[in-house]
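Containing mmCIF, C-alpha atoms: model-v9.cif.
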```
data_target
loop_
_atom_site.label_atom_id
_atom_site.label_comp_id
_atom_site.auth_asym_id
_atom_site.auth_seq_id
_atom_site.Cartn_x
_atom_site.Cartn_y
_atom_site.Cartn_z
CA MET A 1 22.37 -31.93 -13.07
CA GLU A 2 23.54 -28.93 -11.07
CA ASP A 3 27.24 -28.37 -11.53
CA TYR A 4 29.19 -25.82 -9.51
CA PRO A 5 32.43 -25.32 -7.56
CA THR A 6 32.12 -25.79 -3.80
CA THR A 7 35.21 -23.88 -2.64
CA ILE A 8 37.26 -20.91 -3.75
CA LEU A 9 40.10 -23.28 -4.69
CA GLU A 10 37.77 -25.23 -6.98
CA LEU A 11 36.61 -21.97 -8.52
CA GLU A 12 40.19 -20.84 -9.19
CA ASP A 13 41.23 -24.21 -10.65
CA ARG A 14 38.17 -24.63 -12.82
CA PHE A 15 37.79 -21.11 -14.22
CA SER A 16 41.36 -19.99 -14.78
CA PHE A 17 40.83 -19.34 -18.50
CA GLU A 18 38.15 -17.61 -20.58
CA LYS A 19 37.52 -20.83 -22.49
CA ASP A 20 36.48 -22.57 -19.26
CA CYS A 21 34.07 -19.77 -18.38
CA ARG A 22 32.46 -19.74 -21.82
CA GLU A 23 31.99 -23.51 -21.80
CA TYR A 24 30.27 -23.26 -18.42
CA LEU A 25 27.98 -20.49 -19.65
CA PHE A 26 27.17 -22.53 -22.77
CA LYS A 27 26.00 -25.48 -20.63
CA LEU A 28 23.88 -23.24 -18.43
CA ARG A 29 22.37 -21.27 -21.30
CA TRP A 30 21.62 -24.30 -23.47
CA PRO A 31 21.35 -27.25 -21.05
CA GLU A 32 19.57 -29.35 -23.70
CA GLY A 33 22.01 -28.33 -26.41
CA PHE A 34 22.26 -25.29 -28.67
CA ARG A 35 19.01 -23.94 -30.10
CA CYS A 36 18.89 -20.94 -32.42
CA SER A 37 16.82 -18.11 -30.97
CA ARG A 38 15.56 -17.19 -34.48
CA CYS A 39 14.71 -20.49 -36.16
CA SER A 40 15.09 -23.03 -33.30
CA HIS A 41 17.58 -25.08 -35.35
CA GLU A 42 19.86 -27.21 -33.18
CA GLN A 43 22.92 -27.57 -35.41
CA TYR A 44 25.69 -24.96 -35.38
CA TRP A 45 29.25 -24.12 -36.30
CA GLN A 46 31.57 -22.65 -33.72
CA ARG A 47 33.59 -19.83 -35.23
CA THR A 48 37.16 -18.98 -34.28
CA ASN A 49 35.94 -15.63 -32.91
CA GLY A 50 33.83 -17.46 -30.31
CA LEU A 51 30.48 -17.00 -32.06
CA PHE A 52 28.03 -19.81 -32.71
CA GLU A 53 26.53 -19.83 -36.20
CA CYS A 54 23.21 -21.56 -36.80
CA LYS A 55 23.39 -24.05 -39.65
CA GLY A 56 19.74 -23.40 -40.42
CA CYS A 57 19.56 -19.64 -40.88
CA GLY A 58 23.15 -18.46 -40.47
CA PHE A 59 22.38 -16.34 -37.41
CA GLN A 60 25.43 -15.79 -35.23
CA VAL A 61 25.32 -15.40 -31.47
CA SER A 62 27.79 -15.36 -28.61
CA VAL A 63 27.23 -17.16 -25.32
CA THR A 64 26.96 -13.78 -23.56
CA ALA A 65 24.63 -12.06 -26.03
CA GLY A 66 21.37 -10.89 -24.47
CA THR A 67 22.66 -11.34 -20.92
CA ILE A 68 24.18 -9.05 -18.30
CA PHE A 69 27.61 -10.14 -19.54
CA GLN A 70 26.96 -8.75 -23.02
CA ASP A 71 29.61 -6.29 -24.30
CA THR A 72 31.70 -6.59 -21.15
CA LYS A 73 35.28 -5.43 -21.60
CA LYS A 74 36.46 -7.37 -18.57
CA PRO A 75 37.38 -11.08 -18.57
CA LEU A 76 34.60 -13.51 -17.69
CA ARG A 77 36.86 -15.11 -15.12
CA LEU A 78 36.79 -11.78 -13.27
CA TRP A 79 33.00 -11.76 -13.45
CA PHE A 80 32.93 -15.29 -12.04
CA ARG A 81 35.05 -14.17 -9.10
CA ALA A 82 32.72 -11.24 -8.55
CA VAL A 83 29.72 -13.57 -8.44
CA TRP A 84 31.56 -15.86 -6.03
CA HIS A 85 32.43 -12.93 -3.76
CA VAL A 86 28.86 -11.63 -3.76
CA THR A 87 27.30 -15.02 -2.98
CA SER A 88 29.92 -16.17 -0.48
CA GLN A 89 29.57 -13.14 1.79
CA LYS A 90 26.98 -13.93 4.45
CA TYR A 91 25.85 -10.33 4.81
CA GLY A 92 26.43 -9.21 1.25
CA ALA A 93 29.04 -7.17 -0.53
CA ASN A 94 29.43 -3.46 -1.14
CA ALA A 95 31.14 -1.78 -4.07
CA LEU A 96 34.24 -0.73 -2.16
CA GLY A 97 34.82 -4.27 -0.91
CA LEU A 98 34.33 -5.74 -4.39
CA GLN A 99 36.71 -3.20 -5.86
CA ARG A 100 39.40 -4.19 -3.38
CA VAL A 101 38.92 -7.95 -3.77
CA LEU A 102 39.03 -7.87 -7.59
CA GLY A 103 41.64 -5.12 -7.85
CA LEU A 104 39.38 -3.00 -10.03
CA GLY A 105 40.75 0.41 -10.85
CA SER A 106 37.34 2.08 -10.72
CA TYR A 107 34.79 2.24 -7.91
CA ARG A 108 32.15 2.94 -10.56
CA THR A 109 32.88 -0.41 -12.25
CA ALA A 110 32.41 -2.32 -8.99
CA TRP A 111 29.21 -0.37 -8.25
CA SER A 112 27.73 -1.04 -11.70
CA TRP A 113 28.64 -4.75 -11.55
CA LEU A 114 26.86 -5.14 -8.23
CA HIS A 115 23.76 -3.44 -9.57
CA LYS A 116 23.75 -5.65 -12.63
CA LEU A 117 24.04 -8.75 -10.45
CA ARG A 118 21.21 -7.51 -8.22
CA ARG A 119 18.97 -7.42 -11.27
CA ALA A 120 19.80 -11.08 -11.82
CA MET A 121 18.76 -11.97 -8.28
CA VAL A 122 15.11 -12.01 -9.32
CA ARG A 123 14.36 -15.10 -11.35
CA PRO A 124 12.07 -14.29 -14.29
CA GLY A 125 8.62 -15.78 -13.65
CA ARG A 126 9.36 -16.64 -10.02
CA ASP A 127 6.56 -18.22 -7.99
CA LYS A 128 4.20 -16.17 -5.89
CA LEU A 129 3.89 -16.92 -2.18
CA SER A 130 1.02 -19.08 -0.92
CA GLY A 131 -0.26 -20.78 2.23
CA ILE A 132 -0.38 -18.27 5.09
CA VAL A 133 1.44 -14.94 4.80
CA GLN A 134 1.76 -11.81 6.90
CA VAL A 135 1.74 -8.41 5.21
CA ASP A 136 2.80 -5.06 6.62
CA GLU A 137 4.57 -1.87 5.56
CA SER A 138 7.66 -0.17 6.93
CA MET A 139 9.43 3.12 6.30
CA PHE A 140 13.09 3.21 5.27
CA GLY A 141 15.46 6.16 5.08
CA GLY A 142 15.04 9.69 6.33
CA LYS A 143 15.77 11.07 9.79
CA ARG A 144 12.28 11.64 11.17
CA PRO A 145 9.55 9.07 11.87
CA GLY A 146 6.76 9.12 9.34
CA LYS A 147 2.99 8.92 9.71
CA ARG A 148 1.38 5.71 8.61
CA GLY A 149 -0.46 5.92 5.31
CA ARG A 150 0.76 9.43 4.61
CA GLY A 151 4.46 8.84 3.96
CA ALA A 152 7.20 11.17 5.15
CA SER A 153 9.75 13.42 3.57
CA GLY A 154 12.92 11.55 2.65
CA LYS A 155 11.45 8.13 3.38
CA ALA A 156 10.50 5.18 1.21
CA LEU A 157 7.61 2.85 2.00
CA VAL A 158 8.21 -0.88 1.59
CA CYS A 159 5.55 -3.58 1.54
CA ILE A 160 6.80 -6.66 3.42
CA VAL A 161 5.32 -10.08 2.71
CA ALA A 162 6.50 -12.94 4.96
CA GLN A 163 5.39 -16.54 4.55
CA VAL A 164 4.40 -18.37 7.75
CA ASP A 165 6.21 -21.70 8.08
CA GLY A 166 5.21 -22.96 11.51
CA GLN A 167 7.29 -20.97 13.97
CA ARG A 168 9.70 -19.93 11.23
CA ILE A 169 9.68 -17.38 8.46
CA GLY A 170 9.42 -19.03 5.07
CA ARG A 171 10.09 -17.06 1.91
CA ILE A 172 9.66 -13.32 1.70
CA ARG A 173 8.90 -10.66 -0.90
CA LEU A 174 9.75 -6.96 -0.63
CA GLN A 175 8.47 -4.17 -2.82
CA VAL A 176 8.74 -0.39 -2.75
CA ILE A 177 5.28 1.20 -2.94
CA PRO A 178 4.35 4.87 -3.44
CA ASP A 179 1.98 5.00 -0.45
CA ALA A 180 -0.18 2.87 1.85
CA SER A 181 -3.36 3.32 -0.17
CA ALA A 182 -5.55 0.37 -1.12
CA GLU A 183 -4.50 0.75 -4.74
CA SER A 184 -0.78 0.49 -3.94
CA LEU A 185 -1.10 -2.31 -1.37
CA GLU A 186 -3.43 -4.42 -3.49
CA ALA A 187 -1.11 -4.11 -6.49
CA ALA A 188 1.87 -5.24 -4.39
CA ILE A 189 -0.08 -8.16 -2.94
CA MET A 190 -1.40 -9.33 -6.31
CA ASN A 191 2.15 -9.15 -7.67
CA THR A 192 3.62 -11.34 -4.92
CA ILE A 193 0.87 -13.56 -3.45
CA GLU A 194 -1.23 -16.30 -5.04
CA PRO A 195 -5.03 -15.83 -4.91
CA GLY A 196 -6.61 -18.05 -2.26
CA THR A 197 -3.76 -17.43 0.17
CA VAL A 198 -4.52 -16.53 3.80
CA VAL A 199 -3.29 -12.95 4.21
CA GLN A 200 -2.85 -11.68 7.76
CA THR A 201 -2.77 -7.90 8.30
CA ASP A 202 -3.21 -5.47 11.18
CA GLY A 203 -6.49 -4.06 9.90
CA TRP A 204 -5.23 -0.96 8.10
CA ARG A 205 -8.02 0.25 5.80
CA GLY A 206 -5.80 -0.19 2.74
CA TYR A 207 -6.36 -3.96 3.10
CA ASN A 208 -10.16 -3.84 3.42
CA GLN A 209 -10.90 -5.12 -0.10
CA LEU A 210 -8.51 -8.09 -0.14
CA GLN A 211 -11.32 -10.61 0.18
CA LYS A 212 -12.89 -9.24 -3.00
CA LYS A 213 -9.54 -9.76 -4.72
CA GLY A 214 -9.64 -13.49 -3.98
CA TYR A 215 -7.69 -13.69 -0.72
CA ALA A 216 -8.69 -15.04 2.69
CA HIS A 217 -8.13 -11.93 4.78
CA GLU A 218 -7.43 -12.30 8.51
CA ILE A 219 -7.19 -9.18 10.66
CA VAL A 220 -4.96 -9.80 13.67
CA ARG A 221 -5.70 -6.45 15.33
CA SER A 222 -9.25 -7.30 16.43
CA ASP A 223 -8.24 -9.04 19.68
CA TYR A 224 -4.76 -7.65 20.31
CA VAL A 225 -3.39 -6.36 23.60
CA ILE A 226 -1.36 -3.14 23.69
CA GLY A 227 2.30 -4.06 23.34
CA ASP A 228 1.67 -7.29 21.44
CA ASP A 229 3.72 -7.93 18.32
CA LEU A 230 0.86 -8.26 15.84
CA LEU A 231 2.84 -9.34 12.80
CA PRO A 232 6.11 -10.70 14.23
CA PHE A 233 7.45 -12.16 10.98
CA CYS A 234 7.10 -8.89 9.07
CA HIS A 235 8.60 -6.92 11.93
CA ARG A 236 11.54 -9.31 12.17
CA VAL A 237 12.19 -9.00 8.44
CA ALA A 238 11.98 -5.18 8.67
CA SER A 239 14.46 -5.17 11.55
CA LEU A 240 16.92 -7.45 9.74
CA LEU A 241 16.60 -5.41 6.55
CA LYS A 242 17.31 -2.11 8.31
CA ARG A 243 20.30 -3.65 10.07
CA TRP A 244 21.60 -5.02 6.75
CA LEU A 245 21.23 -1.69 4.95
CA THR A 246 22.98 0.12 7.78
CA GLY A 247 25.73 -2.45 8.29
CA THR A 248 26.65 -3.66 4.82
CA HIS A 249 25.84 -0.48 2.92
CA GLN A 250 26.28 2.11 5.72
CA GLY A 251 22.76 3.31 5.00
CA SER A 252 23.89 4.93 1.72
CA VAL A 253 21.11 3.55 -0.46
CA SER A 254 19.23 5.94 -2.72
CA HIS A 255 15.49 5.59 -3.18
CA LYS A 256 16.00 5.15 -6.91
CA HIS A 257 17.93 1.94 -6.38
CA LEU A 258 16.29 0.72 -3.15
CA GLY A 259 14.19 -1.85 -5.01
CA TYR A 260 17.32 -3.61 -6.26
CA TYR A 261 18.79 -3.75 -2.76
CA LEU A 262 15.51 -5.29 -1.63
CA ASP A 263 15.93 -7.90 -4.37
CA GLU A 264 19.40 -8.75 -3.05
CA PHE A 265 18.16 -9.02 0.53
CA THR A 266 15.30 -11.27 -0.64
CA PHE A 267 17.69 -13.47 -2.65
CA ARG A 268 19.92 -13.92 0.39
CA PHE A 269 17.14 -14.35 2.93
CA ASN A 270 15.25 -16.97 0.93
CA ARG A 271 18.46 -18.99 0.54
CA ARG A 272 19.77 -18.49 4.08
CA THR A 273 19.58 -22.21 4.88
CA SER A 274 21.56 -23.29 1.82
CA ARG A 275 24.54 -25.38 2.88
CA SER A 276 26.58 -24.63 -0.22
CA ARG A 277 27.77 -21.19 -1.27
CA GLY A 278 28.61 -22.83 -4.58
CA LYS A 279 24.94 -23.43 -5.25
CA LEU A 280 24.21 -19.73 -4.80
CA PHE A 281 27.00 -19.02 -7.27
CA TYR A 282 25.36 -21.45 -9.69
CA ARG A 283 21.91 -19.88 -9.28
CA LEU A 284 23.12 -16.34 -9.79
CA ILE A 285 25.13 -17.22 -12.90
CA GLN A 286 22.14 -19.15 -14.22
CA GLN A 287 19.77 -16.23 -13.65
CA ALA A 288 22.26 -13.75 -15.08
CA LEU A 289 21.84 -15.56 -18.39
CA MET A 290 18.05 -15.11 -18.25
CA ILE A 291 17.81 -11.33 -18.04
CA ASP A 292 18.39 -8.65 -20.65
CA PRO A 293 21.59 -6.61 -20.78
CA VAL A 294 21.83 -3.66 -18.40
CA THR A 295 23.79 -0.66 -19.66
CA ASN A 296 25.93 1.48 -17.40
CA LYS A 297 24.12 4.53 -18.74
CA SER A 298 20.77 3.22 -17.50
CA LEU A 299 22.26 2.64 -14.05
CA VAL A 300 23.62 6.13 -13.50
CA LYS A 301 21.17 8.21 -15.53
CA LYS A 302 20.10 11.25 -13.50
CA GLN A 303 21.68 9.61 -10.46
CA GLU A 304 24.97 10.35 -8.80
CA VAL A 305 26.94 7.22 -8.00
CA GLU A 306 26.37 6.26 -4.35
CA LYS A 307 29.32 6.64 -2.04
#
```
Structure encoded using structure tokens:
Amino acid sequence: MEDYPTTILELEDRFSFEKDCREYLFKLRWPEGFRCSRCSHEQYWQRTNGLFECKGCGFQVSVTAGTIFQDTKKPLRLWFRAVWHVTSQKYGANALGLQRVLGLGSYRTAWSWLHKLRRAMVRPGRDKLSGIVQVDESMFGGKRPGKRGRGASGKALVCIVAQVDGQRIGRIRLQVIPDASAESLEAAIMNTIEPGTVVQTDGWRGYNQLQKKGYAHEIVRSDYVIGDDLLPFCHRVASLLKRWLTGTHQGSVSHKHLGYYLDEFTFRFNRRTSRSRGKLFYRLIQQALMIDPVTNKSLVKKQEVEK
């Protein structure tokens, strides 16, 4: 049963102490009860230092080990408030805003926390899109317009996949690709779309072999009229994404980290109809327990912190 706070007051009351946060993480990490990751034994002792010791093999583990919370020097209750802030903001959160809300002394800490949480926004083994989807590419960044299929200096190319749900956009997938070649586009499509899906494109030659890859390829360009919006769902997603990057992040997104911002946008967009911010909090905490630790060194290696 999904269990989460529904308001900021509930969050504050429920997670005022570290013990409360650890108990919540325990239930999310082991919903069926503790199971040793080494020998699968289900019995354990809880040590006074907070570790859980398997009665079968003696292996000790903390509730945060192997997650993005591993080795954190900050209280978990502060992490919980960070997750709440990130998921409760309709248009997302930036590092400066998070720093102010949490009273963090370092901008770098807020920046690294956000990037760690963005990595948790992609559920391991998530489903691929199916049914009918539209696929297109769009350039992001840079000051000059680029040429299709050739890229442009200072720009990043993003493959946009939008599921058709009647007159609405269903789920989406976004992926940075090196170029608009068949090799790059096919790899992105195979990574995000189930074989057998109807894939609508504008006829760019990079999509010519999709049928051989197991997809039902529909080219919408064959009977278009100049000025028609050929792939309206993709174009709408591209427009919303550009507005979000410019508004929430003031356009200061490096190409190195663009993929993680795309993950955040996708997480938010696919859950835009959720009535409860608390459920988004629950999902992000749950997924944060599923991914491997992310070190600060790996975040900033060869990359100046974005301002």
Wanna dump the range 45-94 of chain A-range 228-251 of chain A contacts at 10 Å for me, each residue with its shortest atom pair and the distance in Å to one decimal, counting only C-alpha atoms, ordered by chain and number, as a Markdown table?
```
| residue | atom | partner | partner_atom | distance |
| --- | --- | --- | --- | --- |
| A:Tyr91 | CA | A:Thr248 | CA | 6.7 |
| A:Gly92 | CA | A:Thr248 | CA | 6.6 |
| A:Ala93 | CA | A:Thr248 | CA | 6.8 |
| A:Asn94 | CA | A:His249 | CA | 6.2 |
```
Go ahead and write the selection's residues with C-alpha atoms as a compact mmCIF listing (two decimals), in the frame of the given file.
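Produced file again_2.txt, reproduced below:
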```txt
# COMPACT_ATOMS: atom_id res chain seq x y z
CA TYR A 91 25.85 -10.33 4.81
CA GLY A 92 26.43 -9.21 1.25
CA ALA A 93 29.04 -7.17 -0.53
CA ASN A 94 29.43 -3.46 -1.14
```
**Asked** the PyMOL selection byres ((chain A and resi 28-41) around 10) on the file shown: which residues, as number ranges by chain?
**Response** A: 1-3, 22-27, 42-44, 52-61, 63-64, 67, 282-283, 285-290
Q) Near Asp202 in chain A, counting all atoms listed in the file, which residues have an atom at most 7 Å away, once you skip same-chain residues fewer than 5 positions from it, shown as a list of chain:residue names? A) A:Ile219, A:Val220, A:Arg221, A:Leu230
One residue among A:Phe17, A:Tyr215, A:Trp111, A:Trp84 is nearest to His257 in chain A when using all atoms listed in the file, and that residue is A:Trp111
| task | Tell me which protein, DNA and RNA residues are within 9 Å of Thr295 in chain A, counting all atoms listed in the file, leaving out same-chain ones fewer than 3 positions away, and put them as a VMD selection string. | result | chain A and resid 68 112 116 298 to 299
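Shortest separation to Val83 in chain A among A:Met139, A:Met190, A:Val164, A:Leu11 occurs at residue A:Leu11, atoms counted being all atoms listed in the file.
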Across A:Val101, A:Ile169, A:Leu210, A:Leu51, the smallest distance to Ala187 in chain A, with all atoms listed in the file counted, is shown by A:Leu210
ask   = What residues have an atom no more than 10 Å from (-4.0, -20.2, 6.7) in the file's own frame, counting only C-alpha atoms, and can you write them as a VMD selection string?
value = chain A and resid 130 to 133 164 196 to 200 216 to 218
*Report as a PyMOL selection string the residues that result from applying the PyMOL selection byres ((chain A and resi 75) around 12) to the structure here.*
chain A and resi 15-22+64+69-74+76-82+102+104
From CA of Val253 in chain A to CA of Ser106 in chain A the spacing works out at 19.3 Å
Selected by the PyMOL selection byres ((chain A and resi 138) around 8) in the shown coordinates: which residues, as a PDB file with C-alpha atoms, keeping the file's coordinate frame?
```pdb
ATOM      1  CA  ASP A 136       2.800  -5.060   6.620  1.00  0.00           C
ATOM      2  CA  GLU A 137       4.570  -1.870   5.560  1.00  0.00           C
ATOM      3  CA  MET A 139       9.430   3.120   6.300  1.00  0.00           C
ATOM      4  CA  PHE A 140      13.090   3.210   5.270  1.00  0.00           C
ATOM      5  CA  LEU A 157       7.610   2.850   2.000  1.00  0.00           C
ATOM      6  CA  VAL A 158       8.210  -0.880   1.590  1.00  0.00           C
ATOM      7  CA  CYS A 159       5.550  -3.580   1.540  1.00  0.00           C
ATOM      8  CA  ILE A 160       6.800  -6.660   3.420  1.00  0.00           C
ATOM      9  CA  ALA A 238      11.980  -5.180   8.670  1.00  0.00           C
TER      10      ALA A 238
END
```
Would you pick out the contacts of range 177-181 of chain A at 10 Å or less, using only C-alpha atoms, so that residues sharing its chain but fewer than 2 positions from it are not included, and give the list as an mmCIF file with C-alpha atoms, in the coordinates of the input?
```
data_model
loop_
_atom_site.group_PDB
_atom_site.id
_atom_site.type_symbol
_atom_site.label_atom_id
_atom_site.label_comp_id
_atom_site.auth_asym_id
_atom_site.auth_seq_id
_atom_site.Cartn_x
_atom_site.Cartn_y
_atom_site.Cartn_z
ATOM 1 C CA ASP A 136 2.800 -5.060 6.620
ATOM 2 C CA GLU A 137 4.570 -1.870 5.560
ATOM 3 C CA SER A 138 7.660 -0.170 6.930
ATOM 4 C CA ARG A 148 1.380 5.710 8.610
ATOM 5 C CA GLY A 149 -0.460 5.920 5.310
ATOM 6 C CA ARG A 150 0.760 9.430 4.610
ATOM 7 C CA GLY A 151 4.460 8.840 3.960
ATOM 8 C CA ALA A 152 7.200 11.170 5.150
ATOM 9 C CA ALA A 156 10.500 5.180 1.210
ATOM 10 C CA LEU A 157 7.610 2.850 2.000
ATOM 11 C CA VAL A 158 8.210 -0.880 1.590
ATOM 12 C CA CYS A 159 5.550 -3.580 1.540
ATOM 13 C CA LEU A 174 9.750 -6.960 -0.630
ATOM 14 C CA GLN A 175 8.470 -4.170 -2.820
ATOM 15 C CA GLU A 183 -4.500 0.750 -4.740
ATOM 16 C CA SER A 184 -0.780 0.490 -3.940
ATOM 17 C CA LEU A 185 -1.100 -2.310 -1.370
ATOM 18 C CA GLU A 186 -3.430 -4.420 -3.490
ATOM 19 C CA ALA A 187 -1.110 -4.110 -6.490
ATOM 20 C CA ALA A 188 1.870 -5.240 -4.390
ATOM 21 C CA TRP A 204 -5.230 -0.960 8.100
ATOM 22 C CA ARG A 205 -8.020 0.250 5.800
ATOM 23 C CA GLY A 206 -5.800 -0.190 2.740
ATOM 24 C CA TYR A 207 -6.360 -3.960 3.100
ATOM 25 C CA GLY A 259 14.190 -1.850 -5.010
#
```
The residue from A:Gln167, A:Arg119, A:Asp292, A:Lys128 with the smallest atom-to-atom distance to Tyr260 in chain A, counting all atoms listed in the file, is A:Arg119
Where is the centre and how long are the edges: axis-aligned box on range 98-115 of chain A, 6 Å on each side, Å to one decimal, as JSON:
```
{"center_x": 32.7, "center_y": -2.5, "center_z": -7.8, "size_x": 29.9, "size_y": 22.9, "size_z": 20.9}
```
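Across the structure, CA of Thr266 in chain A and CA of Arg123 in chain A are spaced 11.4 Å apart.
The two atoms in question, CA of Phe281 in chain A and CA of Arg118 in chain A, are spaced 12.9 Å apart.
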Mind checking which residues fall within 10 Å of Phe267 in chain A, counting all atoms listed in the file, ignoring those fewer than 4 positions away in the same chain, and posting them as a ChimeraX atom specification? /A:87,118,120-123,171-173,261-263,271-272,280,284
Using all atoms listed in the file, what does the table of range 213-307 of chain A residues within 7 Å of range 6-9 of chain A look like, with each row giving the shortest atom pair and its distance in Å to one decimal, sorted by chain and ascending number, as JSON lines?
```
{"residue": "A:Ser276", "atom": "CA", "partner": "A:Thr6", "partner_atom": "CA", "distance": 6.7}
{"residue": "A:Arg277", "atom": "CA", "partner": "A:Thr6", "partner_atom": "CA", "distance": 6.8}
{"residue": "A:Gly278", "atom": "CA", "partner": "A:Thr6", "partner_atom": "CA", "distance": 4.7}
```
- Query: Taking (29.4, 2.4, -8.4) in the file's coordinates, which residues come within 9 Å, counting only C-alpha atoms, written as a ChimeraX atom specification?
  - Reply: /A:95-96,106-115,300,305-307
Please produce a file of the residues just selected, as a PDB file, in the coordinates of the input, where the atoms kept are C-alpha atoms.
```
ATOM      1  CA  ALA A  95      31.140  -1.780  -4.070  1.00  0.00           C
ATOM      2  CA  LEU A  96      34.240  -0.730  -2.160  1.00  0.00           C
ATOM      3  CA  SER A 106      37.340   2.080 -10.720  1.00  0.00           C
ATOM      4  CA  TYR A 107      34.790   2.240  -7.910  1.00  0.00           C
ATOM      5  CA  ARG A 108      32.150   2.940 -10.560  1.00  0.00           C
ATOM      6  CA  THR A 109      32.880  -0.410 -12.250  1.00  0.00           C
ATOM      7  CA  ALA A 110      32.410  -2.320  -8.990  1.00  0.00           C
ATOM      8  CA  TRP A 111      29.210  -0.370  -8.250  1.00  0.00           C
ATOM      9  CA  SER A 112      27.730  -1.040 -11.700  1.00  0.00           C
ATOM     10  CA  TRP A 113      28.640  -4.750 -11.550  1.00  0.00           C
ATOM     11  CA  LEU A 114      26.860  -5.140  -8.230  1.00  0.00           C
ATOM     12  CA  HIS A 115      23.760  -3.440  -9.570  1.00  0.00           C
ATOM     13  CA  VAL A 300      23.620   6.130 -13.500  1.00  0.00           C
ATOM     14  CA  VAL A 305      26.940   7.220  -8.000  1.00  0.00           C
ATOM     15  CA  GLU A 306      26.370   6.260  -4.350  1.00  0.00           C
ATOM     16  CA  LYS A 307      29.320   6.640  -2.040  1.00  0.00           C
TER      17      LYS A 307
END
```
Using the incomplete input, complete range 268-280 of chain A to the level of N, CA, C and O atoms; output as a PDB file, keeping the file's coordinate frame.
```pdb
ATOM      1  N   ARG A 268      19.120 -13.366  -0.694  1.00  0.00           N
ATOM      2  CA  ARG A 268      19.920 -13.920   0.390  1.00  0.00           C
ATOM      3  C   ARG A 268      19.053 -14.557   1.470  1.00  0.00           C
ATOM      4  O   ARG A 268      19.339 -15.662   1.961  1.00  0.00           O
ATOM      5  N   PHE A 269      17.988 -13.860   1.850  1.00  0.00           N
ATOM      6  CA  PHE A 269      17.140 -14.350   2.930  1.00  0.00           C
ATOM      7  C   PHE A 269      16.474 -15.673   2.553  1.00  0.00           C
ATOM      8  O   PHE A 269      16.433 -16.614   3.353  1.00  0.00           O
ATOM      9  N   ASN A 270      15.957 -15.757   1.344  1.00  0.00           N
ATOM     10  CA  ASN A 270      15.250 -16.970   0.930  1.00  0.00           C
ATOM     11  C   ASN A 270      16.178 -18.159   0.732  1.00  0.00           C
ATOM     12  O   ASN A 270      15.717 -19.295   0.605  1.00  0.00           O
ATOM     13  N   ARG A 271      17.484 -17.904   0.696  1.00  0.00           N
ATOM     14  CA  ARG A 271      18.460 -18.990   0.540  1.00  0.00           C
ATOM     15  C   ARG A 271      19.386 -19.081   1.756  1.00  0.00           C
ATOM     16  O   ARG A 271      20.481 -19.631   1.681  1.00  0.00           O
ATOM     17  N   ARG A 272      18.928 -18.561   2.877  1.00  0.00           N
ATOM     18  CA  ARG A 272      19.770 -18.490   4.080  1.00  0.00           C
ATOM     19  C   ARG A 272      20.114 -19.857   4.641  1.00  0.00           C
ATOM     20  O   ARG A 272      21.092 -20.008   5.381  1.00  0.00           O
ATOM     21  N   THR A 273      19.317 -20.876   4.341  1.00  0.00           N
ATOM     22  CA  THR A 273      19.580 -22.210   4.880  1.00  0.00           C
ATOM     23  C   THR A 273      20.403 -23.076   3.913  1.00  0.00           C
ATOM     24  O   THR A 273      20.681 -24.232   4.223  1.00  0.00           O
ATOM     25  N   SER A 274      20.770 -22.523   2.784  1.00  0.00           N
ATOM     26  CA  SER A 274      21.560 -23.290   1.820  1.00  0.00           C
ATOM     27  C   SER A 274      22.910 -23.662   2.423  1.00  0.00           C
ATOM     28  O   SER A 274      23.606 -22.825   2.986  1.00  0.00           O
ATOM     29  N   ARG A 275      23.285 -24.913   2.298  1.00  0.00           N
ATOM     30  CA  ARG A 275      24.540 -25.380   2.880  1.00  0.00           C
ATOM     31  C   ARG A 275      25.732 -25.107   1.978  1.00  0.00           C
ATOM     32  O   ARG A 275      26.877 -25.208   2.409  1.00  0.00           O
ATOM     33  N   SER A 276      25.482 -24.803   0.727  1.00  0.00           N
ATOM     34  CA  SER A 276      26.580 -24.630  -0.220  1.00  0.00           C
ATOM     35  C   SER A 276      26.551 -23.230  -0.829  1.00  0.00           C
ATOM     36  O   SER A 276      25.578 -22.834  -1.458  1.00  0.00           O
ATOM     37  N   ARG A 277      27.632 -22.488  -0.603  1.00  0.00           N
ATOM     38  CA  ARG A 277      27.770 -21.190  -1.270  1.00  0.00           C
ATOM     39  C   ARG A 277      27.901 -21.379  -2.775  1.00  0.00           C
ATOM     40  O   ARG A 277      27.517 -20.533  -3.559  1.00  0.00           O
ATOM     41  N   GLY A 278      28.456 -22.541  -3.164  1.00  0.00           N
ATOM     42  CA  GLY A 278      28.610 -22.830  -4.580  1.00  0.00           C
ATOM     43  C   GLY A 278      27.283 -22.890  -5.302  1.00  0.00           C
ATOM     44  O   GLY A 278      27.175 -22.497  -6.466  1.00  0.00           O
ATOM     45  N   LYS A 279      26.255 -23.357  -4.620  1.00  0.00           N
ATOM     46  CA  LYS A 279      24.940 -23.430  -5.250  1.00  0.00           C
ATOM     47  C   LYS A 279      24.371 -22.043  -5.492  1.00  0.00           C
ATOM     48  O   LYS A 279      23.684 -21.803  -6.486  1.00  0.00           O
ATOM     49  N   LEU A 280      24.653 -21.111  -4.594  1.00  0.00           N
ATOM     50  CA  LEU A 280      24.210 -19.730  -4.800  1.00  0.00           C
ATOM     51  C   LEU A 280      24.935 -19.124  -5.991  1.00  0.00           C
ATOM     52  O   LEU A 280      24.348 -18.370  -6.776  1.00  0.00           O
TER      53      LEU A 280
END
```
